[in-house]
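As stored in protein-v2.txt (compact mmCIF, C-alpha atoms and all ligand atoms):
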```txt
# COMPACT_ATOMS: atom_id res chain seq x y z
CA MET A 1 -68.51 -93.38 -69.94
CA LYS A 2 -65.41 -94.74 -68.24
CA LEU A 3 -63.08 -92.34 -66.47
CA GLN A 4 -60.17 -93.49 -68.66
CA ASN A 5 -62.17 -92.53 -71.78
CA ILE A 6 -63.07 -89.09 -70.39
CA ILE A 7 -59.42 -88.34 -69.59
CA GLY A 8 -58.33 -89.71 -72.96
CA LYS A 9 -60.74 -87.38 -74.77
CA ALA A 10 -59.89 -84.35 -72.60
CA SER A 11 -56.13 -84.83 -72.96
CA GLY A 12 -56.06 -86.06 -76.54
CA ARG A 13 -53.61 -88.73 -75.34
CA LYS A 14 -53.61 -92.48 -75.50
CA LEU A 15 -53.63 -93.91 -71.97
CA ARG A 16 -51.35 -96.93 -71.96
CA LEU A 17 -50.73 -97.11 -68.19
CA ASN A 18 -52.92 -97.08 -65.13
CA PRO A 19 -53.12 -93.79 -63.23
CA GLU A 20 -51.58 -93.32 -59.80
CA VAL A 21 -54.25 -93.64 -57.11
CA SER A 22 -53.80 -92.36 -53.57
CA TYR A 23 -55.74 -91.23 -50.53
CA LEU A 24 -55.29 -87.69 -49.25
CA GLU A 25 -56.38 -86.45 -45.88
CA TYR A 26 -55.96 -82.96 -44.48
CA LEU A 27 -56.77 -82.39 -40.83
CA CYS A 28 -57.01 -78.80 -39.71
CA LYS A 29 -56.15 -78.30 -36.05
CA LEU A 30 -59.02 -76.56 -34.27
CA SER A 31 -56.66 -73.76 -33.27
CA ASP A 32 -55.91 -73.24 -36.99
CA LEU A 33 -59.52 -72.84 -38.18
CA GLY A 34 -59.77 -69.88 -40.55
CA LYS A 35 -55.98 -69.53 -40.72
CA GLU A 36 -53.53 -70.25 -43.53
CA GLN A 37 -52.89 -73.98 -43.92
CA VAL A 38 -49.51 -75.45 -42.98
CA ASP A 39 -48.73 -76.98 -46.40
CA GLY A 40 -49.75 -73.88 -48.41
CA GLN A 41 -52.18 -75.82 -50.59
CA ASP A 42 -54.84 -73.24 -49.78
CA ARG A 43 -52.87 -70.76 -51.90
CA LEU A 44 -54.11 -70.42 -55.45
CA HIS A 45 -51.67 -72.18 -57.80
CA CYS A 46 -51.36 -74.30 -60.89
CA ASP A 47 -49.46 -77.58 -60.64
CA VAL A 48 -47.83 -77.42 -64.07
CA ALA A 49 -47.69 -75.19 -67.15
CA TYR A 50 -49.17 -77.80 -69.51
CA PRO A 51 -52.48 -79.70 -69.53
CA SER A 52 -52.40 -82.42 -66.87
CA PHE A 53 -55.40 -84.10 -65.30
CA LYS A 54 -56.36 -85.16 -61.81
CA VAL A 55 -59.55 -86.58 -60.39
CA PHE A 56 -60.78 -86.11 -56.83
CA VAL A 57 -63.44 -88.33 -55.29
CA TYR A 58 -64.77 -86.97 -52.02
CA VAL A 59 -64.70 -89.66 -49.34
CA THR A 60 -66.95 -87.62 -47.05
CA ASP A 61 -69.49 -84.83 -47.60
CA THR A 62 -67.43 -81.73 -48.35
CA ASP A 63 -68.49 -78.11 -48.44
CA ALA A 64 -67.04 -74.62 -48.29
CA SER A 65 -66.59 -74.93 -44.50
CA ASN A 66 -64.37 -78.02 -44.61
CA GLY A 67 -61.90 -77.48 -47.41
CA ALA A 68 -63.98 -78.07 -50.55
CA PHE A 69 -61.76 -77.92 -53.63
CA ILE A 70 -61.67 -74.51 -55.31
CA TYR A 71 -61.10 -74.04 -59.03
CA ALA A 72 -61.04 -70.97 -61.29
CA PRO A 73 -62.87 -72.05 -64.48
CA GLY A 74 -61.14 -70.93 -67.69
CA SER A 75 -57.80 -70.32 -65.94
CA HIS A 76 -56.17 -73.31 -67.70
CA LYS A 77 -55.77 -71.29 -70.91
CA PHE A 78 -52.37 -70.21 -72.14
CA SER A 79 -51.60 -66.56 -72.91
CA LEU A 80 -48.52 -64.35 -73.07
CA LYS A 81 -49.74 -62.46 -70.00
CA ARG A 82 -49.99 -65.74 -68.12
CA LEU A 83 -46.51 -66.74 -69.31
CA TRP A 84 -45.12 -63.52 -67.83
CA ILE A 85 -46.90 -64.08 -64.50
CA GLU A 86 -45.65 -67.67 -64.34
CA TYR A 87 -42.12 -66.49 -65.09
CA LYS A 88 -42.27 -63.97 -62.22
CA MET A 89 -43.69 -66.62 -59.87
CA SER A 90 -41.03 -69.14 -60.83
CA ILE A 91 -38.22 -66.72 -59.94
CA LYS A 92 -39.74 -65.99 -56.53
CA TYR A 93 -40.36 -69.71 -55.93
CA TYR A 94 -36.79 -70.60 -56.90
CA VAL A 95 -35.38 -68.11 -54.39
CA LYS A 96 -37.76 -69.24 -51.61
CA HIS A 97 -37.06 -72.91 -52.32
CA PHE A 98 -33.45 -72.51 -51.15
CA LYS A 99 -34.73 -71.24 -47.82
CA GLY A 100 -36.84 -74.39 -47.45
CA ASP A 101 -40.16 -72.70 -48.24
CA ILE A 102 -42.01 -74.76 -50.86
CA LYS A 103 -45.43 -73.14 -50.47
CA PRO A 104 -46.89 -71.73 -53.70
CA GLU A 105 -46.22 -68.06 -54.36
CA VAL A 106 -49.10 -65.70 -53.48
CA LEU A 107 -50.55 -64.03 -56.58
CA SER A 108 -50.89 -60.25 -56.44
CA GLU A 109 -54.27 -58.54 -56.89
CA ASP A 110 -53.06 -57.29 -60.30
CA ASP A 111 -52.10 -60.80 -61.39
CA LEU A 112 -55.46 -62.20 -60.22
CA LYS A 113 -57.21 -59.54 -62.29
CA THR A 114 -55.01 -60.18 -65.33
CA LEU A 115 -55.70 -63.92 -65.12
CA ASN A 116 -59.42 -63.21 -64.70
CA ILE A 117 -59.59 -65.47 -61.65
CA ASP A 118 -63.10 -66.30 -60.46
CA GLU A 119 -62.93 -68.97 -57.75
CA LYS A 120 -65.69 -71.59 -57.56
CA SER A 121 -66.07 -73.86 -54.55
CA MET A 122 -66.71 -77.47 -55.60
CA GLU A 123 -68.98 -78.73 -52.84
CA GLY A 124 -70.23 -82.31 -52.98
CA LYS A 125 -71.57 -85.31 -51.13
CA SER A 126 -69.45 -88.36 -50.40
CA GLY A 127 -68.67 -90.07 -53.73
CA SER A 128 -68.78 -86.84 -55.77
CA VAL A 129 -66.22 -86.82 -58.59
CA ILE A 130 -64.24 -83.73 -59.71
CA ILE A 131 -62.18 -83.95 -62.89
CA PHE A 132 -59.83 -81.03 -63.39
CA ASN A 133 -56.93 -79.77 -65.45
CA THR A 134 -54.10 -78.87 -63.07
CA MET A 135 -52.83 -76.24 -65.52
CA GLY A 136 -55.77 -74.21 -64.24
CA PHE A 137 -55.53 -72.28 -60.98
CA HIS A 138 -56.90 -74.08 -57.95
CA ARG A 139 -56.48 -74.54 -54.23
CA ARG A 140 -57.80 -76.34 -51.16
CA GLY A 141 -60.68 -74.45 -49.59
CA ASN A 142 -60.69 -73.02 -46.09
CA PHE A 143 -61.70 -74.74 -42.86
CA THR A 144 -64.15 -72.84 -40.70
CA ASN A 145 -66.32 -75.57 -39.16
CA SER A 146 -65.05 -77.04 -35.88
CA GLN A 147 -67.43 -80.02 -36.34
CA LYS A 148 -65.74 -80.95 -39.64
CA PRO A 149 -62.04 -80.01 -39.50
CA ILE A 150 -61.05 -82.69 -42.01
CA ARG A 151 -61.11 -83.25 -45.77
CA GLN A 152 -60.66 -86.71 -47.24
CA VAL A 153 -60.32 -87.41 -50.96
CA ALA A 154 -59.22 -90.22 -53.23
CA LEU A 155 -56.87 -88.86 -55.89
CA VAL A 156 -56.48 -90.35 -59.36
CA ASN A 157 -53.46 -88.72 -60.97
CA TYR A 158 -52.81 -88.76 -64.73
CA ARG A 159 -49.56 -86.74 -64.59
CA TYR A 160 -47.76 -89.65 -66.27
CA LEU A 161 -49.51 -89.03 -69.59
CA ASP A 162 -46.56 -87.04 -70.94
CA SER A 163 -43.94 -89.50 -69.73
CA TRP A 164 -41.97 -91.72 -72.07
CA ALA A 165 -43.29 -94.70 -70.13
CA ASN A 166 -46.80 -93.86 -71.36
CA VAL A 167 -45.63 -93.13 -74.89
CA ILE A 168 -44.04 -96.58 -75.22
CA GLY A 169 -46.41 -98.37 -72.79
CA TRP A 170 -43.69 -99.42 -70.34
CA GLU A 171 -44.82 -100.13 -66.78
CA ALA A 172 -42.19 -100.58 -64.04
FE FE B 201 -52.39 -78.34 -56.88
```
Translate the structure of the given file into structure tokens.
Ligand SMILES: [Fe+2]
Amino acid sequence: MKLQNIIGKASGRKLRLNPEVSYLEYLCKLSDLGKEQVDGQDRLHCDVAYPSFKVFVYVTDTDASNGAFIYAPGSHKFSLKRLWIEYKMSIKYYVKHFKGDIKPEVLSEDDLKTLNIDEKSMEGKSGSVIIFNTMGFHRRGNFTNSQKPIRQVALVNYRYLDSWANVIGWEA
């Protein structure tokens, strides 16, 4: 089955435009192994509060020691408890944003429990494909291996699905 068909079925949307494709590389300095990452993408977060799909293709073999993608299965579901947590996070983020800090907010232990977060590391060989809903909680994994301080992925982003351009099929 073609990727476009899988995303179409998962999203329930008609895909009239091509997705955005990019290459992402994160290099962890050896002195930063095991530490928090500079861009904050190792903090558990959701990208948006509505279903939105991304696809990662590992360019190199990737495991839990060199930043394998981490996802919490089932965390994409909407609930009133989640709405409250997202509201609290958005206020904190808004305040931090003015100070130039755009890293995701750190979830409290209580919030993690409420959201029933159970992180799964998505390890895979080069060419492995991960399709995920960015409404679910996810993060970049940690780097602990000095032999492999880099993660390289191709990203296929379907964020445009809810845009007017996709609704009317207009491509700039
Ligand atoms: Fe993200």
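Our summary of the geometry notes that atom CA of Ala165 of chain A is positioned 13.3 Å from atom CA of Glu20 of chain A.
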Problem - One-decimal distance in Å that lies between atom CA of Ile85 of chain A and atom CA of Glu105 of chain A - result: 10.9 Å
Handout entry: Selection near His138 of chain A, 7 Å with only C-alpha atoms, sequence-local residues under 6 positions removed, as an NGL selection string
Key = :A and (44-46 or 70-72)
Problem - Near-ligand residues for ligand FE 201 (chain B), threshold 12 Å, all atoms listed in the file, as JSON, numbers by chain - result: {"A": [39, 40, 41, 42, 43, 44, 45, 46, 47, 48, 49, 52, 53, 54, 55, 56, 69, 70, 71, 103, 104, 132, 133, 134, 135, 136, 137, 138, 139, 140, 141, 155, 157, 159]}
Could you make a table, as a Markdown table, of the residues of segment 11-36 of chain A that have an atom within 12 Å of an atom of segment 145-149 of chain A, each with its nearest atom pair and distance in Å to one decimal, counting all atoms listed in the file, in chain and number order?
```
| residue | atom | partner | partner_atom | distance |
| --- | --- | --- | --- | --- |
| A:Glu25 | CA | A:Pro149 | CA | 10.7 |
| A:Tyr26 | CA | A:Pro149 | CA | 8.4 |
| A:Leu27 | CA | A:Pro149 | CA | 5.9 |
| A:Cys28 | CA | A:Pro149 | CA | 5.2 |
| A:Lys29 | CA | A:Pro149 | CA | 7.0 |
| A:Leu30 | CA | A:Ser146 | CA | 6.3 |
| A:Ser31 | CA | A:Ser146 | CA | 9.4 |
| A:Asp32 | CA | A:Pro149 | CA | 9.5 |
| A:Leu33 | CA | A:Ser146 | CA | 7.3 |
| A:Gly34 | CA | A:Asn145 | CA | 8.8 |
```
Exercise for the section: Just give me the gap between atom CA of Tyr158 of chain A and atom CA of Val95 of chain A in Å, one decimal is fine. Expected result: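 Going from atom CA of Tyr158 of chain A over to atom CA of Val95 of chain A, I get 28.9 Å.
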Problem - Among listed residues A:Ile150, A:Leu161, A:Phe143, A:Gly100, nearest Gly8 of chain A (using only C-alpha atoms) - result: A:Leu161
Completion exercise
With distances taken over only C-alpha atoms, the candidate from A:Asn116, A:Ser163, A:Ser75, A:Gln152 nearest Leu24 of chain A is A:Gln152
Exercise for the section: Select, from A:Val106, A:Ala10, A:Val167, A:Ala68, the residue with the minimum atom-to-atom distance to Glu36 of chain A, counting all atoms listed in the file. Expected result: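 Of all the options, A:Val106 lies closest to Glu36 of chain A.
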Practice task
Using only C-alpha atoms, find the one residue out of A:Leu112, A:Asn5, A:Gly124, A:Tyr94 that sits nearest to Val59 of chain A.
Solution key: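 Among the listed residues, A:Gly124 lies closest to Val59 of chain A.
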